[in-house]
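> So that we are looking at the same thing, I have put the structure below in structure tokens.
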Amino acid sequence: RNKTVSKIYPNPISSQSVVDFYSARSGEISLSIYNQHGTALFTKNLFVEAGKTQLPLHQLKVLQLHNGVYFLQIKTGNTQIVERFVVLQ
């Protein structure tokens with residue numbers, strides 16, 4: 001089973017914020033950032049090994065976003081997780 005669990009911290013985000021996620025299988029994942037209106041702002045595809053992965057959010061260009069509420073979507077195979085995060089600069 002390909003189970004993915006994720007967490008963004010600290011939230012509201014800062015230059016130190018990361019997303020931690022765990023995947024039971026190795027493979028390609030897609031990370032996308034959406035605004036409150038559901039518009040995709042950024043997508044990055046990565047290959048990850050099974051187990052825990054930690055990705056600094058600045059690699060997803062979140063520090064370029066305006067203040068507001070955003071959503072990070074993580075897709076792996078048939079699994080999709082959405083995490084809410086806040087930008088306050």
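Order determines the names: the first chain of the structure tokens is A, the second B, and so forth; residues in each chain are numbered 1 upward, and ligands are numbered 1 upward as they are shown.
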Where in chain A does DSSP assign strand (DSSP E or B), given as a PyMOL selection string?
chain A and resi 4-9+18-23+27-34+40-48+51-56+68-76+79-87
> Tell me which protein, DNA and RNA residues are within 6 Å of Phe71 of chain A, counting only C-alpha atoms, leaving out same-chain ones fewer than 6 positions away, and put them as JSON, numbers by chain.
{"A": [33, 34, 83, 84]}
> Excluding Ser32 of chain A and any residue of its chain fewer than 4 positions from it, enumerate the residues within 6 Å of it, using only C-alpha atoms, and give them as a ChimeraX atom specification.
/A:42-43,72-73
> Please write the residues from the selection above to a file, keeping N, CA and C atoms, as an mmCIF file, in the first residue's frame.

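And here is the file that came out, part.cif:
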```cif
data_model
loop_
_atom_site.group_PDB
_atom_site.id
_atom_site.type_symbol
_atom_site.label_atom_id
_atom_site.label_comp_id
_atom_site.auth_asym_id
_atom_site.auth_seq_id
_atom_site.Cartn_x
_atom_site.Cartn_y
_atom_site.Cartn_z
ATOM 1 N N PHE A 42 2.385 26.768 -8.818
ATOM 2 C CA PHE A 42 3.709 26.165 -8.967
ATOM 3 C C PHE A 42 3.570 24.658 -8.823
ATOM 4 N N THR A 43 4.321 23.917 -9.644
ATOM 5 C CA THR A 43 4.348 22.457 -9.533
ATOM 6 C C THR A 43 5.784 21.980 -9.682
ATOM 7 N N LEU A 72 -0.884 23.159 -0.352
ATOM 8 C CA LEU A 72 0.139 22.309 -0.956
ATOM 9 C C LEU A 72 -0.497 20.955 -1.208
ATOM 10 N N GLN A 73 -0.488 20.539 -2.466
ATOM 11 C CA GLN A 73 -1.022 19.233 -2.850
ATOM 12 C C GLN A 73 0.151 18.307 -3.129
#
```
> Report, in Å with one decimal, the straight-line distance from atom CA of Asn35 of chain A to atom CA of Tyr22 of chain A.
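According to the coordinates, atom CA of Asn35 of chain A and atom CA of Tyr22 of chain A are separated by 24.1 Å.
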> Using only C-alpha atoms, find the one residue out of A:Gln59, A:Lys75, A:Tyr70, A:Ile81 that sits nearest to His37 of chain A.
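Among the listed residues, the smallest separation from His37 of chain A belongs to A:Tyr70.
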> One decimal, Å: what's the distance from atom CA of Gly38 of chain A over to atom CA of Arg25 of chain A, could you say?
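One can read the atom CA of Gly38 of chain A to atom CA of Arg25 of chain A distance as 28.3 Å.
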> Which residue, A:Ser26, A:Phe21, A:Leu57, A:Phe47, has the smallest gap to Phe85 of chain A when you use only C-alpha atoms?
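The answer is A:Leu57, which sits nearest to Phe85 of chain A.
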> Quick one: residues within 10 Å of Asn11 of chain A, only C-alpha atoms counted, chain neighbours fewer than 2 positions away excluded, as a ChimeraX atom specification?
/A:7-9,13-14,17-18,84-88
> Residues at most 10 Å from Thr53 of chain A, counting only C-alpha atoms, excluding those fewer than 5 positions away in the same chain, as a list in words?
Ser6, Val19, Asp20, Phe21, Tyr22, Ser23 and Val48 of chain A
